[in-house]
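entry24.cif follows; it contains mmCIF, C-alpha atoms.
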```cif
data_data
loop_
_atom_site.group_PDB
_atom_site.id
_atom_site.type_symbol
_atom_site.label_atom_id
_atom_site.label_comp_id
_atom_site.auth_asym_id
_atom_site.auth_seq_id
_atom_site.Cartn_x
_atom_site.Cartn_y
_atom_site.Cartn_z
ATOM 1 C CA VAL I 96 -46.484 19.857 -11.951
ATOM 2 C CA LEU I 97 -44.054 22.757 -11.473
ATOM 3 C CA ASN I 98 -43.039 21.450 -8.049
ATOM 4 C CA CYS I 99 -42.401 17.996 -9.512
ATOM 5 C CA LEU I 100 -40.326 19.475 -12.337
ATOM 6 C CA ARG I 101 -38.249 21.417 -9.836
ATOM 7 C CA GLY I 102 -37.845 18.306 -7.710
ATOM 8 C CA ASP I 103 -36.719 16.445 -10.829
ATOM 9 C CA GLY I 104 -33.843 18.860 -11.366
ATOM 10 C CA VAL I 105 -35.287 21.834 -13.263
ATOM 11 C CA LYS I 106 -33.465 24.694 -11.547
ATOM 12 C CA THR I 107 -35.035 27.788 -13.097
ATOM 13 C CA MET I 108 -38.563 28.484 -14.330
ATOM 14 C CA HIS I 109 -39.522 31.782 -15.955
ATOM 15 C CA LEU I 110 -43.037 33.048 -16.595
ATOM 16 C CA VAL I 111 -43.176 34.882 -19.937
ATOM 17 C CA THR I 112 -46.589 36.290 -20.802
ATOM 18 C CA GLY I 113 -48.360 38.899 -22.860
ATOM 19 C CA ASP I 114 -50.700 39.620 -19.959
ATOM 20 C CA THR I 115 -50.368 42.618 -17.669
ATOM 21 C CA GLU I 116 -47.899 42.992 -14.803
ATOM 22 C CA GLU I 117 -50.768 42.583 -12.348
ATOM 23 C CA VAL I 118 -51.708 39.195 -13.810
ATOM 24 C CA GLY I 119 -48.059 38.149 -13.844
ATOM 25 C CA ARG I 120 -47.568 39.089 -10.188
ATOM 26 C CA SER I 121 -50.694 37.197 -9.152
ATOM 27 C CA LEU I 122 -49.427 34.076 -10.939
ATOM 28 C CA MET I 123 -46.045 34.479 -9.244
ATOM 29 C CA HIS I 124 -47.802 34.323 -5.861
ATOM 30 C CA ILE I 125 -49.546 31.074 -6.821
ATOM 31 C CA PHE I 126 -46.901 29.177 -8.779
ATOM 32 C CA PRO I 127 -43.179 28.635 -8.022
ATOM 33 C CA PHE I 128 -41.722 30.695 -10.882
ATOM 34 C CA ASP I 129 -38.347 32.346 -10.335
ATOM 35 C CA ASP I 130 -39.275 35.516 -12.193
ATOM 36 C CA CYS I 131 -41.878 36.982 -14.517
ATOM 37 C CA ARG I 132 -41.755 38.998 -17.734
ATOM 38 C CA ALA I 133 -45.212 40.403 -18.481
ATOM 39 C CA GLY I 134 -46.683 42.452 -21.305
ATOM 40 C CA LEU I 135 -44.351 40.966 -23.920
ATOM 41 C CA MET I 136 -44.983 40.855 -27.658
ATOM 42 C CA PRO I 137 -44.102 37.669 -29.617
ATOM 43 C CA GLU I 138 -40.734 39.109 -30.720
ATOM 44 C CA GLU I 139 -39.930 40.083 -27.141
ATOM 45 C CA LYS I 140 -40.732 36.569 -25.908
ATOM 46 C CA ALA I 141 -38.345 35.119 -28.491
ATOM 47 C CA ALA I 142 -35.682 37.672 -27.512
ATOM 48 C CA TRP I 143 -36.099 36.704 -23.853
ATOM 49 C CA VAL I 144 -35.618 33.025 -24.734
ATOM 50 C CA ASP I 145 -32.405 33.936 -26.580
ATOM 51 C CA HIS I 146 -31.276 36.028 -23.588
ATOM 52 C CA VAL I 147 -31.813 33.143 -21.146
ATOM 53 C CA LYS I 148 -29.934 30.756 -23.459
ATOM 54 C CA ARG I 149 -26.940 33.106 -23.545
ATOM 55 C CA LYS I 150 -27.045 33.988 -19.849
ATOM 56 C CA GLU I 151 -27.577 30.549 -18.299
ATOM 57 C CA LYS I 152 -25.797 28.558 -21.042
ATOM 58 C CA LYS I 153 -28.204 25.670 -20.553
ATOM 59 C CA SER I 154 -30.936 24.071 -22.604
ATOM 60 C CA VAL I 155 -34.116 26.140 -22.601
ATOM 61 C CA VAL I 156 -37.553 24.543 -22.825
ATOM 62 C CA MET I 157 -40.468 26.766 -23.828
ATOM 63 C CA VAL I 158 -44.063 25.721 -23.172
ATOM 64 C CA GLY I 159 -46.860 27.604 -24.918
ATOM 65 C CA ASP I 160 -50.146 27.255 -26.733
ATOM 66 C CA GLY I 161 -50.951 30.450 -28.598
ATOM 67 C CA ILE I 162 -49.970 32.237 -31.784
ATOM 68 C CA ASN I 163 -47.959 34.679 -29.677
ATOM 69 C CA ASP I 164 -45.828 31.778 -28.390
ATOM 70 C CA ALA I 165 -44.868 30.359 -31.794
ATOM 71 C CA LEU I 166 -41.727 32.445 -32.305
ATOM 72 C CA ALA I 167 -40.432 31.737 -28.795
ATOM 73 C CA LEU I 168 -41.167 28.022 -29.254
ATOM 74 C CA ALA I 169 -39.047 28.037 -32.405
ATOM 75 C CA HIS I 170 -36.158 29.856 -30.664
ATOM 76 C CA ALA I 171 -36.069 27.506 -27.658
ATOM 77 C CA ASP I 172 -33.871 24.414 -27.591
ATOM 78 C CA ILE I 173 -37.047 22.405 -27.033
ATOM 79 C CA GLY I 174 -40.471 23.848 -27.791
ATOM 80 C CA ILE I 175 -43.531 22.164 -26.287
ATOM 81 C CA ALA I 176 -46.993 23.127 -27.542
ATOM 82 C CA MET I 177 -50.124 22.375 -25.573
ATOM 83 C CA GLY I 178 -52.576 20.390 -27.702
ATOM 84 C CA ALA I 179 -56.222 21.061 -26.973
ATOM 85 C CA GLY I 180 -57.139 24.603 -27.931
ATOM 86 C CA GLY I 181 -53.594 25.399 -28.985
ATOM 87 C CA ALA I 182 -52.906 27.471 -32.079
ATOM 88 C CA GLU I 183 -51.909 25.482 -35.153
ATOM 89 C CA VAL I 184 -48.928 27.746 -35.818
ATOM 90 C CA ALA I 185 -47.647 27.060 -32.301
ATOM 91 C CA MET I 186 -48.042 23.315 -32.832
ATOM 92 C CA GLU I 187 -46.018 23.527 -36.044
ATOM 93 C CA ALA I 188 -43.251 25.616 -34.448
ATOM 94 C CA ALA I 189 -42.833 23.261 -31.483
ATOM 95 C CA ASP I 190 -40.631 20.177 -31.257
ATOM 96 C CA ILE I 191 -43.181 18.356 -29.088
ATOM 97 C CA ALA I 192 -46.972 18.678 -29.195
ATOM 98 C CA LEU I 193 -48.960 17.437 -26.214
ATOM 99 C CA ALA I 194 -52.282 15.789 -27.030
ATOM 100 C CA ASP I 195 -54.187 17.927 -24.530
ATOM 101 C CA SER I 196 -53.791 20.990 -22.325
ATOM 102 C CA ASN I 197 -52.999 18.998 -19.180
ATOM 103 C CA LEU I 198 -49.594 20.079 -17.875
ATOM 104 C CA GLU I 199 -49.101 16.647 -16.333
ATOM 105 C CA GLY I 200 -48.033 15.675 -19.846
ATOM 106 C CA LEU I 201 -44.784 17.544 -19.180
ATOM 107 C CA MET I 202 -43.844 15.007 -16.511
ATOM 108 C CA LYS I 203 -44.761 12.144 -18.826
ATOM 109 C CA VAL I 204 -42.559 13.608 -21.562
ATOM 110 C CA ARG I 205 -39.694 14.132 -19.109
ATOM 111 C CA ASN I 206 -39.987 10.587 -17.739
ATOM 112 C CA LEU I 207 -40.078 9.183 -21.274
ATOM 113 C CA SER I 208 -36.971 11.186 -22.198
ATOM 114 C CA HIS I 209 -35.129 9.761 -19.159
ATOM 115 C CA GLN I 210 -36.149 6.233 -20.168
ATOM 116 C CA THR I 211 -35.068 6.906 -23.766
ATOM 117 C CA MET I 212 -31.598 7.955 -22.624
ATOM 118 C CA ARG I 213 -31.345 4.818 -20.478
ATOM 119 C CA VAL I 214 -32.161 2.705 -23.536
ATOM 120 C CA VAL I 215 -29.595 4.637 -25.601
ATOM 121 C CA ASP I 216 -26.934 3.891 -22.967
ATOM 122 C CA GLN I 217 -27.921 0.214 -22.868
ATOM 123 C CA ASN I 218 -27.698 -0.019 -26.662
ATOM 124 C CA HIS I 219 -24.305 1.680 -26.638
ATOM 125 C CA TYR I 220 -22.882 -0.753 -24.081
ATOM 126 C CA LEU I 221 -24.396 -3.722 -25.934
ATOM 127 C CA ALA I 222 -22.925 -2.644 -29.275
ATOM 128 C CA VAL I 223 -19.467 -1.821 -27.910
ATOM 129 C CA SER I 224 -19.187 -4.975 -25.785
ATOM 130 C CA THR I 225 -20.192 -7.349 -28.589
ATOM 131 C CA ASP I 226 -17.840 -5.596 -31.030
ATOM 132 C CA LEU I 227 -14.938 -5.848 -28.584
ATOM 133 C CA ILE I 228 -15.636 -9.511 -27.867
ATOM 134 C CA GLY I 229 -15.923 -10.240 -31.579
ATOM 135 C CA ALA I 230 -12.685 -8.411 -32.352
ATOM 136 C CA ALA I 231 -10.832 -10.309 -29.614
ATOM 137 C CA LEU I 232 -12.129 -13.670 -30.849
ATOM 138 C CA ALA I 233 -11.257 -12.789 -34.445
ATOM 139 C CA MET I 234 -7.707 -11.784 -33.484
ATOM 140 C CA ALA I 235 -7.329 -15.088 -31.653
ATOM 141 C CA GLY I 236 -8.398 -16.940 -34.781
ATOM 142 C CA ILE I 237 -11.472 -18.391 -33.086
ATOM 143 C CA LEU I 238 -14.101 -16.366 -34.946
ATOM 144 C CA SER I 239 -14.684 -16.963 -38.642
ATOM 145 C CA PRO I 240 -16.086 -14.247 -40.959
ATOM 146 C CA VAL I 241 -19.426 -16.061 -41.126
ATOM 147 C CA MET I 242 -19.708 -16.241 -37.339
ATOM 148 C CA ALA I 243 -18.709 -12.577 -37.078
ATOM 149 C CA GLY I 244 -21.512 -11.675 -39.478
ATOM 150 C CA MET I 245 -24.001 -13.687 -37.433
ATOM 151 C CA ILE I 246 -22.913 -11.991 -34.209
ATOM 152 C CA HIS I 247 -23.308 -8.599 -35.872
ATOM 153 C CA ILE I 248 -26.836 -9.464 -37.025
ATOM 154 C CA LEU I 249 -27.756 -10.778 -33.572
ATOM 155 C CA HIS I 250 -26.502 -7.718 -31.717
ATOM 156 C CA THR I 251 -28.257 -5.431 -34.215
ATOM 157 C CA GLY I 252 -31.468 -7.357 -33.599
ATOM 158 C CA GLY I 253 -30.950 -7.062 -29.855
ATOM 159 C CA ILE I 254 -30.567 -3.302 -30.145
ATOM 160 C CA LEU I 255 -33.754 -3.034 -32.225
ATOM 161 C CA LEU I 256 -35.716 -5.150 -29.749
ATOM 162 C CA ASN I 257 -34.409 -3.142 -26.801
ATOM 163 C CA SER I 258 -35.335 0.118 -28.519
ATOM 164 C CA GLY I 259 -38.768 -1.249 -29.368
ATOM 165 C CA ARG I 260 -39.572 -1.478 -25.664
ATOM 166 C CA LEU I 261 -40.055 2.294 -25.692
ATOM 167 C CA LEU I 262 -43.170 1.907 -27.858
ATOM 168 C CA SER I 263 -44.996 0.162 -25.014
ATOM 169 C CA TRP I 264 -43.228 1.857 -22.095
ATOM 170 C CA GLN I 265 -45.379 3.297 -19.329
ATOM 171 C CA PRO I 266 -44.201 5.131 -16.200
ATOM 172 C CA PRO I 267 -44.253 2.874 -13.100
ATOM 173 C CA VAL I 268 -46.813 5.195 -11.469
ATOM 174 C CA GLU I 269 -48.838 8.148 -12.630
ATOM 175 C CA PRO I 270 -46.296 10.964 -13.194
ATOM 176 C CA MET I 271 -48.358 13.401 -11.197
ATOM 177 C CA ASP I 272 -50.876 12.891 -8.409
ATOM 178 C CA HIS I 273 -50.359 16.126 -6.619
ATOM 179 C CA CYS I 274 -52.048 19.386 -5.595
ATOM 180 C CA ARG I 275 -55.660 18.661 -6.417
ATOM 181 C CA GLY I 276 -57.036 20.356 -3.329
ATOM 182 C CA CYS I 277 -55.519 17.665 -1.128
ATOM 183 C CA MET I 278 -52.660 17.274 1.306
ATOM 184 C CA ARG I 279 -50.977 14.318 -0.377
ATOM 185 C CA ALA I 280 -47.274 14.176 -1.067
ATOM 186 C CA CYS I 281 -45.899 14.360 -4.584
ATOM 187 C CA LYS I 282 -46.009 10.986 -6.367
ATOM 188 C CA CYS I 283 -44.168 11.844 -9.552
ATOM 189 C CA GLY I 284 -42.410 8.464 -9.619
ATOM 190 C CA ASN I 285 -38.922 9.948 -9.407
ATOM 191 C CA GLU I 286 -36.928 8.554 -6.483
ATOM 192 C CA LYS I 287 -34.783 11.718 -6.394
ATOM 193 C CA CYS I 288 -37.740 14.104 -6.253
ATOM 194 C CA ARG I 289 -37.182 16.614 -3.453
ATOM 195 C CA ASN I 290 -40.942 17.027 -3.022
ATOM 196 C CA LYS I 291 -41.633 13.302 -2.566
ATOM 197 C CA ASN I 292 -42.147 13.544 1.181
ATOM 198 C CA LYS I 293 -43.684 17.009 1.195
ATOM 199 C CA THR I 294 -47.351 17.911 1.095
ATOM 200 C CA CYS I 295 -49.093 20.535 -1.009
#
```

Since I need it in another form, could you write the structure as structure tokens?
Amino acid sequence: VLNCLRGDGVKTMHLVTGDTEEVGRSLMHIFPFDDCRAGLMPEEKAAWVDHVKRKEKKSVVMVGDGINDALALAHADIGIAMGAGGAEVAMEAADIALADSNLEGLMKVRNLSHQTMRVVDQNHYLAVSTDLIGAALAMAGILSPVMAGMIHILHTGGILLNSGRLLSWQPPVEPMDHCRGCMRACKCGNEKCRNKNKTC
């Protein structure tokens, strides 16, 4: 999952944990984190999130599941709580709550967010183009007020229908089929993924 996220454009990943330095170092050897902050209290995790936001001046996503993560989840631009076994306070502090503890849900959320922005762009172009066409026809004296109202209703309906597609949207392939004790390449579904042709 972390490799797919990095291949999808996530440039920096920090490991922030309340565990010991030894545990943090061992996780650094296994997973592609850029750095590790171990032995942190909840307030220190939140302070680290604030520090990264100021230093990197980019949106910060925090993923956690315990009571000790709740404050950091609230301080992040986007807080994601893991569902199964996660603390209720962490779920309430987060912006997004995953239904289970499977990290593959992160790729599903990211893919859905990309699709949502595509739909937003489509709706924007649809609204602007129909308004411009309607204004031009009205200025030319071709479009009556009644017809203008009908066009407005139709383009509003089109936007609602286009947005409704998100309710049934599914990624074209499983977001993650990678690193399960195999030597298969990443199949995250993203054409720009830098790990697409690499093996575990």

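The shortest atom-to-atom distance to Glu138 in chain I, with only C-alpha atoms taken into account, belongs to I:His170 out of I:Arg120, I:His247, I:His170, I:Lys153.
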
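Atom pair CA of Val155 in chain I / CA of Asp195 in chain I: separated by 21.8 Å.
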
How big is the axis-aligned box, and where does its centre sit, when it encloses all atoms of range 258-264 of chain I listed in the file and has 5 Å added on every side, reported in Å to one decimal as JSON?
```
{"center_x": -40.2, "center_y": 0.4, "center_z": -25.7, "size_x": 19.7, "size_y": 13.8, "size_z": 17.3}
```

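Across the structure, CA of Leu198 in chain I and CA of Gly134 in chain I are spaced 22.8 Å apart.
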
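Note that CA of His109 in chain I and CA of Ile191 in chain I are 19.1 Å apart.
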
**Request:** For the structure shown, which residues end up in the PyMOL selection byres ((chain I and resi 173) around 6)? Put them as a PyMOL selection string, please?
**Result:** chain I and resi 156+171-172+174+190

**Message:** Assuming the chain letters and numbering stay as they are in my file, what does the PyMOL selection byres ((chain I and resi 196) around 10) actually select? List them as a ChimeraX atom specification.
**Reply:** /I:159-160,176-181,192-195,197-200

Compile a residue-level contact table for range 105-217 of chain I against range 255-260 of chain I at a cut-off of 10 Å, reporting for every qualifying residue the shortest atom pair and its distance in Å to one decimal, with only C-alpha atoms counted, rows ordered by chain and ascending number, as a Markdown table.
```
| residue | atom | partner | partner_atom | distance |
| --- | --- | --- | --- | --- |
| I:Thr211 | CA | I:Ser258 | CA | 8.3 |
| I:Val214 | CA | I:Ser258 | CA | 6.4 |
| I:Val215 | CA | I:Ser258 | CA | 7.9 |
| I:Gln217 | CA | I:Asn257 | CA | 8.3 |
```

**Prompt:** Taking into account all atoms listed in the file, which residue in the set I:Gly229, I:Gly102, I:Gly252, I:Pro137 is nearest to Ala185 in chain I?
**Reply:** I:Pro137

**Prompt:** Exactly which residues make up the result of the PyMOL selection byres ((chain I and resi 131) around 10) on this file, given as a ChimeraX atom specification?
**Reply:** /I:108-112,116,119-120,122-123,128-130,132-134

**Exercise: His250 in chain I partners within 10 Å, all atoms listed in the file, chain neighbours under 5 positions left out, as an MDAnalysis selection string** = chainID I and resid 218 221:226 245 255:256

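The smallest atom-to-atom distance between Ile125 in chain I and any of I:Ile254, I:Val204, I:Leu97, I:Leu238, using all atoms listed in the file, is found for I:Leu97.
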
**Asked** For Thr115 in chain I, which residue out of I:Cys99, I:Pro127, I:Ala235, I:Leu135 is the nearest one, using all atoms listed in the file?
**Response** I:Leu135

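Proximity to Asp145 in chain I was assessed for I:Met212, I:Leu168, I:Ile162, I:Ala189 counting all atoms listed in the file; the smallest distance is recorded for I:Leu168.
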
Please export range 198-242 of chain I as a compact mmCIF listing (two decimals), in the first residue's frame, restricted to N, CA and C atoms.
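So selection16.txt came out as:
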```
# COMPACT_ATOMS: atom_id res chain seq x y z
N LEU I 198 -5.35 -1.56 5.23
CA LEU I 198 -4.78 -0.33 4.68
C LEU I 198 -5.05 -0.16 3.19
N GLU I 199 -5.48 -1.22 2.52
CA GLU I 199 -5.83 -1.07 1.11
C GLU I 199 -6.97 -0.07 0.93
N GLY I 200 -7.72 0.17 2.00
CA GLY I 200 -8.78 1.17 1.95
C GLY I 200 -8.25 2.55 1.65
N LEU I 201 -6.98 2.81 1.99
CA LEU I 201 -6.38 4.11 1.69
C LEU I 201 -6.33 4.35 0.19
N MET I 202 -5.98 3.31 -0.57
CA MET I 202 -5.94 3.45 -2.03
C MET I 202 -7.34 3.64 -2.60
N LYS I 203 -8.31 2.95 -2.01
CA LYS I 203 -9.69 3.11 -2.48
C LYS I 203 -10.17 4.54 -2.23
N VAL I 204 -9.85 5.07 -1.05
CA VAL I 204 -10.23 6.45 -0.73
C VAL I 204 -9.54 7.43 -1.67
N ARG I 205 -8.26 7.20 -1.93
CA ARG I 205 -7.52 8.10 -2.82
C ARG I 205 -8.08 8.04 -4.25
N ASN I 206 -8.36 6.84 -4.73
CA ASN I 206 -8.93 6.70 -6.08
C ASN I 206 -10.30 7.37 -6.16
N LEU I 207 -11.11 7.21 -5.11
CA LEU I 207 -12.43 7.84 -5.09
C LEU I 207 -12.30 9.36 -5.07
N SER I 208 -11.31 9.88 -4.35
CA SER I 208 -11.12 11.33 -4.31
C SER I 208 -10.71 11.87 -5.68
N HIS I 209 -9.86 11.12 -6.40
CA HIS I 209 -9.48 11.51 -7.77
C HIS I 209 -10.72 11.54 -8.67
N GLN I 210 -11.55 10.50 -8.57
CA GLN I 210 -12.76 10.44 -9.39
C GLN I 210 -13.71 11.57 -9.03
N THR I 211 -13.81 11.89 -7.75
CA THR I 211 -14.68 12.99 -7.31
C THR I 211 -14.24 14.31 -7.92
N MET I 212 -12.93 14.56 -7.94
CA MET I 212 -12.43 15.81 -8.52
C MET I 212 -12.67 15.85 -10.03
N ARG I 213 -12.60 14.69 -10.68
CA ARG I 213 -12.91 14.65 -12.12
C ARG I 213 -14.37 15.02 -12.36
N VAL I 214 -15.26 14.51 -11.51
CA VAL I 214 -16.68 14.83 -11.64
C VAL I 214 -16.92 16.31 -11.36
N VAL I 215 -16.23 16.86 -10.36
CA VAL I 215 -16.35 18.29 -10.06
C VAL I 215 -15.95 19.12 -11.28
N ASP I 216 -14.83 18.76 -11.91
CA ASP I 216 -14.39 19.48 -13.11
C ASP I 216 -15.41 19.36 -14.24
N GLN I 217 -15.94 18.15 -14.44
CA GLN I 217 -16.95 17.96 -15.48
C GLN I 217 -18.18 18.83 -15.23
N ASN I 218 -18.63 18.86 -13.97
CA ASN I 218 -19.80 19.67 -13.62
C ASN I 218 -19.53 21.16 -13.83
N HIS I 219 -18.31 21.58 -13.51
CA HIS I 219 -17.94 22.98 -13.70
C HIS I 219 -18.01 23.36 -15.18
N TYR I 220 -17.40 22.53 -16.03
CA TYR I 220 -17.41 22.82 -17.47
C TYR I 220 -18.83 22.79 -18.03
N LEU I 221 -19.64 21.84 -17.55
CA LEU I 221 -21.03 21.74 -18.02
C LEU I 221 -21.82 22.99 -17.65
N ALA I 222 -21.67 23.44 -16.39
CA ALA I 222 -22.41 24.60 -15.93
C ALA I 222 -21.99 25.87 -16.66
N VAL I 223 -20.66 26.07 -16.78
CA VAL I 223 -20.16 27.28 -17.43
C VAL I 223 -20.53 27.31 -18.91
N SER I 224 -20.38 26.18 -19.59
CA SER I 224 -20.65 26.15 -21.04
C SER I 224 -22.13 26.41 -21.33
N THR I 225 -23.03 25.79 -20.56
CA THR I 225 -24.45 26.02 -20.82
C THR I 225 -24.86 27.44 -20.48
N ASP I 226 -24.26 28.02 -19.43
CA ASP I 226 -24.56 29.41 -19.08
C ASP I 226 -24.08 30.36 -20.18
N LEU I 227 -22.88 30.11 -20.70
CA LEU I 227 -22.36 30.97 -21.76
C LEU I 227 -23.19 30.87 -23.03
N ILE I 228 -23.57 29.64 -23.38
CA ILE I 228 -24.41 29.46 -24.57
C ILE I 228 -25.76 30.14 -24.39
N GLY I 229 -26.34 29.97 -23.20
CA GLY I 229 -27.62 30.60 -22.92
C GLY I 229 -27.55 32.11 -22.96
N ALA I 230 -26.46 32.67 -22.40
CA ALA I 230 -26.29 34.12 -22.40
C ALA I 230 -26.14 34.65 -23.82
N ALA I 231 -25.38 33.93 -24.65
CA ALA I 231 -25.18 34.36 -26.04
C ALA I 231 -26.50 34.32 -26.82
N LEU I 232 -27.28 33.26 -26.62
CA LEU I 232 -28.57 33.16 -27.31
C LEU I 232 -29.55 34.22 -26.83
N ALA I 233 -29.50 34.52 -25.53
CA ALA I 233 -30.39 35.56 -24.99
C ALA I 233 -30.03 36.93 -25.54
N MET I 234 -28.73 37.22 -25.63
CA MET I 234 -28.29 38.51 -26.17
C MET I 234 -28.66 38.65 -27.64
N ALA I 235 -28.71 37.53 -28.34
CA ALA I 235 -29.08 37.57 -29.76
C ALA I 235 -30.59 37.61 -29.96
N GLY I 236 -31.32 37.54 -28.87
CA GLY I 236 -32.78 37.59 -28.96
C GLY I 236 -33.42 36.29 -29.36
N ILE I 237 -32.64 35.21 -29.36
CA ILE I 237 -33.16 33.90 -29.78
C ILE I 237 -33.81 33.16 -28.61
N LEU I 238 -33.29 33.39 -27.41
CA LEU I 238 -33.71 32.63 -26.23
C LEU I 238 -34.71 33.43 -25.41
N SER I 239 -35.88 32.87 -25.21
CA SER I 239 -36.90 33.52 -24.38
C SER I 239 -36.65 33.19 -22.91
N PRO I 240 -37.23 33.95 -21.98
CA PRO I 240 -37.07 33.65 -20.55
C PRO I 240 -37.52 32.24 -20.18
N VAL I 241 -38.59 31.78 -20.79
CA VAL I 241 -39.09 30.43 -20.49
C VAL I 241 -38.07 29.38 -20.93
N MET I 242 -37.54 29.54 -22.14
CA MET I 242 -36.53 28.59 -22.63
C MET I 242 -35.27 28.64 -21.78
```
